[in-house]
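Enquirer: There's a structure below that I have some questions on.
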Amino acid sequence: MTDPTYDTILPRLQEALIRKGVAIPPWRATAKERSDFAFAVARVLAEERLLPSTDARSVATDLASRMMGLGLLDPFLREGGTEEIIVRQGAVLVWRDGHIEDTQVRAPDTYFYALAQRVAEMGGKPLRAANPFVLVDLPDGSRFTAMVPPLSKRGTAINIRVFTHRVLRLAEIVQAGTLTPPQADFLKRVVLERRKSILISGRPAAGKTTLLNSLLAQLPQYSQLCGAETFEEIETSNPFEARAVVRGDSEQGRVSMTEVVNVLYTRMRPDVLVVGEVVSEEAHEYLQAINLGVVAHTTIHGNSVLDALLRLETLAREKDVPLGAIRERIARGVGIGVHVELQPDDEGKLWKRKVTEIVAVSGDAQTYVLTPIGME
């Protein structure tokens with residue numbers, strides 16, 4: 001529905017539902033709960049005479065879907081192939097198959113503002129003028145980000161990084177053109193040997209975690225795999241992994257990423273340690289781990305492997321510890337650097353993921369030595 005009149009119907013409907021004690025189903029609602037709620041909406045629409053005609057039943061399902069889960073965005077979250085859902089100025093776009101598509105779905109900004117507020121509240125992070133942006137993990141692991149006025153100057157802006165539980169096989173990544181067969185064989189061998197730590201760099205949405213997940217899938221079933229992350233992105237087929245998700249500051253009983261990574265590598269004897277993404281305090285513990293004989297794989301933002309190493313040394317800086325000492329520990333600890341990019345086609349419309357660097361990392365306190373390998 002794109003008729004603006006629904007913008008006025010929804011608030012009145014919600015007030016009536018509250019007055020009559022009709023609760024909105026939870027995120028993980030069953031099909032029956034959703035159906036029962038749609039029936040209740042139809043009944044309330046008729047009883048309250050909220051529509052000018054008797055077509056309450058024909059619009060009840062649509063109105064109900066706007067109030068459950070992610071409302072208008074929910075079908076795209078469940079749709080195969082969707083990697084990101086984007087809302088700008090009331091328009092819904094999706095990122096899939098390397099390009100952005102306009103879904104032609106439109107709704108007033110007030111609808112998306114209310115949706116963002118509801119998601120934020122369910123995540124325990126109220127969204128208001130004093131706190132105009134929010135990051136929330138959805139129940140399926142997807143990452144919800146919203147920014148609202150006055151910070152956002154063009155209405156409510158929403159991005160949902162869609163989480164998929166399916167781990168791509170290395171053969172599929174090769175088929176997609178991200179890796180060449182020799183590159184895939186080399187990285188698989190590195191993972192199976194469990195002697196070198198891998199640092200995967202790239203811009204956001206470049207496919208760093210997708211590649212990491214496919215590499216972790218190569219490990220034998222009984223490998224002792226331990227992981228720590230701030231958002232649930234690591235997905236493995238290992239039934240015996242130990243994985244911690246370190247939530248935000250607002251969560252009760254929060255422990256720091258530093259503490260979690262430290263416990264994993266010092267007390268839980270991992271064959272392989274995985275840090276979902278190095279962005280802040282975990283950099284120090286990651287560096288400690290790879291210098292204590294622990295094989296540890298992670299991802300990090302960067303424009304190249306060298307940029308990623310420089311960013312890692314900045315994040316891992318310690319008071320009263322010379323930069324050269326940090327650099328030498330990184331050069332000794334990181335075994336393999338991999339950089340993945342999103343590359344546009346000739347017309348700039350279609351984007352494809354491509355591994356552009358695989359290097360052996362070495363060096364000393366003065367400089368890094370990056371030796372290209374596996375790029376045939």
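Chains: A, B, ... in order of the structure tokens. Residues: from 1 per chain. Ligands: from 1, in order shown.
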Compile the contact shell of range 186-195 of chain A as a compact mmCIF listing (two decimals) with C-alpha atoms, in the first residue's frame: residues with an atom at most 8 Å away, counting only C-alpha atoms, same-chain residues fewer than 2 positions apart removed.

Expert:
```txt
# COMPACT_ATOMS: atom_id res chain seq x y z
CA PRO A 182 45.10 -21.76 -7.62
CA GLN A 183 44.24 -19.09 -5.04
CA ALA A 184 41.52 -21.27 -3.54
CA SER A 197 47.24 -16.76 10.64
CA LEU A 215 37.79 -21.05 4.55
CA LEU A 216 36.73 -22.10 8.05
CA GLN A 218 37.60 -26.52 5.26
CA LEU A 219 38.61 -27.43 8.81
CA ASP A 271 43.38 -25.15 17.16
CA VAL A 272 42.10 -22.04 15.39
CA VAL A 295 46.65 -19.59 14.69
CA GLY A 374 48.98 -17.56 -5.24
```

Enquirer: Run DSSP on the backbone and grab whatever in range 281-364 of chain A lands in helix (DSSP H, G or I); send it over as a ChimeraX atom specification.

Expert: /A:282-290,305-315,323-333

Enquirer: Which residues, written as a ChimeraX atom specification, have at least one atom at most 6 Å from range 235-240 of chain A, with only C-alpha atoms counted and residues fewer than 6 positions away on the same chain left out?

Expert: /A:213,217,221

Enquirer: Would you kindly return, as a list of chain:residue names, each protein, DNA or RNA residue with an atom no farther than 9 Å from any atom of Arg143 in chain A, considering only C-alpha atoms and excluding same-chain residues fewer than 4 positions away?

Expert: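 Here the qualifying residues turn out to be A:Leu135, A:Val136, A:Asp137, A:Leu138, A:Asn159, A:Ile160, A:Arg161, A:Val162, A:Phe163, A:Phe231, A:Glu232.
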
Enquirer: In Å, with one decimal, what is the gap from CA of Gly98 in chain A to CA of Lys153 in chain A?

Expert: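 Separating CA of Gly98 in chain A from CA of Lys153 in chain A is a distance of 27.9 Å.
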
Enquirer: Can you work out which one of A:Ser201, A:Thr164, A:Thr156, A:Gln224 has the shortest atom-to-atom distance to Glu241 in chain A, counting only C-alpha atoms?

Expert: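 Looking only at the distances to Glu241 in chain A, the closest residue turns out to be A:Gln224.
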
Enquirer: If we count only C-alpha atoms, what is near range 102-115 of chain A at a cut-off of 6 Å, once residues fewer than 2 positions away on the same chain are taken out, given as a list of chain:residue names?

Expert: A:Thr2, A:Gly90, A:Ala91, A:Val92, A:Leu93, A:Gln117, A:Arg118, A:Thr156

Enquirer: Please return, as a ChimeraX atom specification, all residues of range 239-363 of chain A that DSSP assigns to strand (DSSP E) on the basis of the backbone.

Expert: /A:242-245,272-275,296-301,334-344,351-363

Enquirer: Tell me which of A:Glu84, A:Glu341, A:Glu282, A:Asp36 sits closest to Thr145 in chain A, counting only C-alpha atoms.

Expert: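 Using only C-alpha atoms, Thr145 in chain A sits closest to A:Glu84.
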
Enquirer: Between CA of Ile290 in chain A and CA of Ala331 in chain A, what is the distance in Å, rounded to a tenth?

Expert: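 Distance reported for this atom pair: 10.2 Å.
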